[in-house]
Amino acid sequence: MSRARAWGWIAHLRDGGTTPWADWSAPADRADRVLPGAQQLELLRRLNLAGRPSTALADRVLATSAPGRGRPDFELVGADEGSPFGPQPVDPSSLPADELVRVATGVIAEDVVAGPVPERTPRRPRRPRWRIVGDAWVAHTMTEAMLDRRRWPGGPGTVAHVVGTDQAAMLVDAWTARCFAEGGPPWGEWLDAVLRRPVPPRRADLVRVADAWAGRLGRSRVRVVLDPALVAGLVRTRRPLPVRPTLPAAGVELARHVSAALGHHVVPARRVALLRGVLLPRLVGRPGPALVVPPDRAEQVTAMAERHRERLLAAHYAVHGEPDLLLPRQHDGAAEPAVDGVLDLALALLLDHQTAPEEAHP
């Protein structure tokens, strides 16, 4: 009777129902051998609450395992007997949001792999030849804007523009760039590790980036730009260059999860292209607060910025903008991505990019 009840609830969910498992009692006429996991079932129920998932999307959710777990999916309490060697059966509504995010991430990763990555046909660079480097996320954004204008980097006589901003923003950018590439630890864990070091991570260390490019091009062809608004004039493009895309903290955290899931599907270079070419446009402009450095880390970030400024002055590069621009400024936003916000965003992404929207539940 308990498994028949479970299959009755699954049929209810597949029809777009939202009744929690604990409140369900009607059995089904037929039952298959293997029940979907509790995470998958609860995720489908949350999708039904949030919108109108298609039959195809419902099927995919129920068939997707949570990536990166290293253990079986949770079984349904009252329908499965459990095992002494694995997690015990649970009530799906009691699962924390991050368990549902794991399943949603697996489905989103499949969507991202199937998405087309924008391709560009490069031309021979025209003068002045340029590279925009430095703050990894700002440099990526500006370089993409230049490519959209059919301005190609590199070539003889190239000048490297090492763009930066205040240290707090560059730390957020460094973690963001990592989330849209190889992934890594959560924001708080990563930031704590970074602040235990005397110098910023490479993606937020202008001196290290400038030294690397000076070794390739010569010091006279390296410029450190501390005001991103100045970069457009230096590379001689008429319109201003965007500094960074507008992303909520939840969007960056979701990208970190998707990056891990994509690691099971594609090689690293393809993963970066998919994250930035397919997933990023789907996240830009979504509602929610941006990520900021927590207030209780402000003193440590200021000390890092002051050391960074002294190293830059001692390196004697051509600097555009005042060195004090490296000092942290106050930014409004969230000090930590909220897991409930990540789940809400994942649900929205799944509903917005269904494979068969014409089959949505009535």
# chains A, B, ... in the order shown; residues from 1 in each chain; ligands from 1
>>> closest_atom_pairs(of="region 265-320 of chain A", to="region 191-210 of chain A", cutoff="8 Å", atoms="only C-alpha atoms", output="CSV")
residue,atom,partner,partner_atom,distance
A:Gln300,CA,A:Leu195,CA,6.7
A:Val301,CA,A:Leu195,CA,7.2
A:Met304,CA,A:Val199,CA,6.4
A:Arg307,CA,A:Val199,CA,7.5
A:His308,CA,A:Val199,CA,7.0
A:Arg311,CA,A:Val207,CA,7.0
A:Leu312,CA,A:Val207,CA,5.8
A:Ala315,CA,A:Val207,CA,7.5
>>> write_last_selection(atoms="C-alpha atoms", output="PDB file, in the first residue's frame")
ATOM      1  CA  GLN A 300      41.503  42.605   6.522  1.00  0.00           C
ATOM      2  CA  VAL A 301      40.646  43.665   2.966  1.00  0.00           C
ATOM      3  CA  MET A 304      45.498  43.792   1.798  1.00  0.00           C
ATOM      4  CA  ARG A 307      49.955  46.382   0.772  1.00  0.00           C
ATOM      5  CA  HIS A 308      48.793  46.065  -2.835  1.00  0.00           C
ATOM      6  CA  ARG A 311      53.702  47.096  -4.160  1.00  0.00           C
ATOM      7  CA  LEU A 312      52.225  48.855  -7.178  1.00  0.00           C
ATOM      8  CA  ALA A 315      56.912  48.543  -9.266  1.00  0.00           C
TER       9      ALA A 315
END
>>> select_by_dssp(residues="region 136-263 of chain A", states="alpha helix (DSSP H)", output="PyMOL selection string")
chain A and resi 136-148+167-179+187-195+206-217+231-234+249-262
>>> atom_distance(atom1="CA of Pro87 (chain A)", atom2="CA of Phe74 (chain A)")
6.4 Å
>>> residues_around(residues="Ala160 (chain A)", least_positions_apart="5", cutoff="7 Å", atoms="only C-alpha atoms", output="PyMOL selection string")
chain A and resi 130-133+213+221-223
>>> residues_around(residues="Gly188 (chain A)", least_positions_apart="2", cutoff="12 Å", atoms="only C-alpha atoms", output="list in words")
Leu171, Val172, Trp175, Gly184, Pro185, Pro186, Trp190, Leu191, Asp192, Ala193, Val194, Leu195, Glu253, Leu291, Val292, Val293, Pro294, Asp296, Arg297, Ala334, Ala335, Glu336, Pro337 and Ala338 of chain A
>>> write_last_selection(atoms="C-alpha atoms", output="JSON list (two decimals), in the first residue's frame")
[["chain", "number", "residue", "atom", "x", "y", "z"],
["A", 171, "LEU", "CA", 38.04, 39.87, -4.68],
["A", 172, "VAL", "CA", 34.37, 39.42, -5.57],
["A", 175, "TRP", "CA", 35.66, 34.46, -7.09],
["A", 184, "GLY", "CA", 35.87, 25.80, -6.37],
["A", 185, "PRO", "CA", 34.98, 26.35, -2.71],
["A", 186, "PRO", "CA", 32.04, 28.43, -1.47],
["A", 190, "TRP", "CA", 37.41, 30.89, -0.37],
["A", 191, "LEU", "CA", 37.54, 34.42, 1.05],
["A", 192, "ASP", "CA", 38.81, 33.25, 4.45],
["A", 193, "ALA", "CA", 41.64, 31.34, 2.75],
["A", 194, "VAL", "CA", 42.52, 34.35, 0.57],
["A", 195, "LEU", "CA", 42.65, 36.77, 3.48],
["A", 253, "GLU", "CA", 26.74, 30.55, -6.62],
["A", 291, "LEU", "CA", 27.72, 39.78, -3.83],
["A", 292, "VAL", "CA", 29.90, 41.92, -1.55],
["A", 293, "VAL", "CA", 32.68, 41.37, 0.97],
["A", 294, "PRO", "CA", 31.17, 40.85, 4.47],
["A", 296, "ASP", "CA", 33.48, 41.84, 9.31],
["A", 297, "ARG", "CA", 36.20, 41.28, 6.70],
["A", 334, "ALA", "CA", 24.65, 40.32, 0.04],
["A", 335, "ALA", "CA", 27.62, 39.14, 2.09],
["A", 336, "GLU", "CA", 26.77, 35.51, 1.29],
["A", 337, "PRO", "CA", 24.66, 33.85, -1.45],
["A", 338, "ALA", "CA", 21.39, 32.66, 0.12]]
>>> select_by_dssp(residues="region 12-258 of chain A", states="strand (DSSP E or B)", output="PyMOL selection string")
chain A and resi 54+76-77+80+90+130-134+159-163+222-225
>>> write_last_selection(atoms="C-alpha atoms", output="PDB file, in the first residue's frame")
ATOM      1  CA  SER A  54       6.578  20.469 -19.290  1.00  0.00           C
ATOM      2  CA  LEU A  76      11.071   8.224   0.313  1.00  0.00           C
ATOM      3  CA  VAL A  77      10.048   7.732   3.932  1.00  0.00           C
ATOM      4  CA  ASP A  80      11.150   2.615   1.144  1.00  0.00           C
ATOM      5  CA  VAL A  90      13.244  11.141   4.380  1.00  0.00           C
ATOM      6  CA  TRP A 130      45.681  45.817 -27.280  1.00  0.00           C
ATOM      7  CA  ARG A 131      45.112  43.336 -24.483  1.00  0.00           C
ATOM      8  CA  ILE A 132      42.811  43.937 -21.534  1.00  0.00           C
ATOM      9  CA  VAL A 133      43.965  41.941 -18.502  1.00  0.00           C
ATOM     10  CA  GLY A 134      44.065  42.359 -14.720  1.00  0.00           C
ATOM     11  CA  VAL A 159      49.968  47.167 -25.190  1.00  0.00           C
ATOM     12  CA  ALA A 160      48.629  45.327 -22.104  1.00  0.00           C
ATOM     13  CA  HIS A 161      46.086  47.344 -20.115  1.00  0.00           C
ATOM     14  CA  VAL A 162      46.024  45.892 -16.586  1.00  0.00           C
ATOM     15  CA  VAL A 163      42.605  47.043 -15.404  1.00  0.00           C
ATOM     16  CA  VAL A 222      52.223  47.658 -19.757  1.00  0.00           C
ATOM     17  CA  ARG A 223      49.744  50.167 -18.336  1.00  0.00           C
ATOM     18  CA  VAL A 224      47.924  49.750 -15.025  1.00  0.00           C
ATOM     19  CA  VAL A 225      44.435  51.278 -15.199  1.00  0.00           C
TER      20      VAL A 225
END
>>> residues_around(residues="Pro118 (chain A)", least_positions_apart="5", cutoff="10 Å", atoms="only C-alpha atoms", output="PyMOL selection string")
chain A and resi 273-274+276-278
>>> closest_residue(among="A:Leu350, A:Val339, A:Ala318, A:Val266", to="Ala214 (chain A)", atoms="only C-alpha atoms")
A:Ala318
>>> atom_distance(atom1="CA of Ala38 (chain A)", atom2="CA of Gly78 (chain A)")
11.3 Å
>>> closest_residue(among="A:Asp135, A:Asp15, A:Asp29, A:Asp344", to="Asp173 (chain A)", atoms="only C-alpha atoms")
A:Asp135
>>> atom_distance(atom1="CA of Leu49 (chain A)", atom2="CA of Arg14 (chain A)")
12.4 Å
>>> residues_around(residues="Arg45 (chain A)", least_positions_apart="5", cutoff="10 Å", atoms="only C-alpha atoms", output="ChimeraX atom specification")
/A:10,12-14,16-21,39-40,50,53,58,92-93
>>> residues_around(residues="Arg149 (chain A)", least_positions_apart="4", cutoff="12 Å", atoms="only C-alpha atoms", output="PyMOL selection string")
chain A and resi 120+122-123+142-145+153+236-241
>>> closest_residue(among="A:Ala212, A:Ala269, A:Ala298, A:Ala232", to="Phe180 (chain A)", atoms="only C-alpha atoms")
A:Ala269
>>> closest_residue(among="A:Trp152, A:Trp9, A:Tyr317, A:Trp187", to="Ala79 (chain A)", atoms="only C-alpha atoms")
A:Trp9
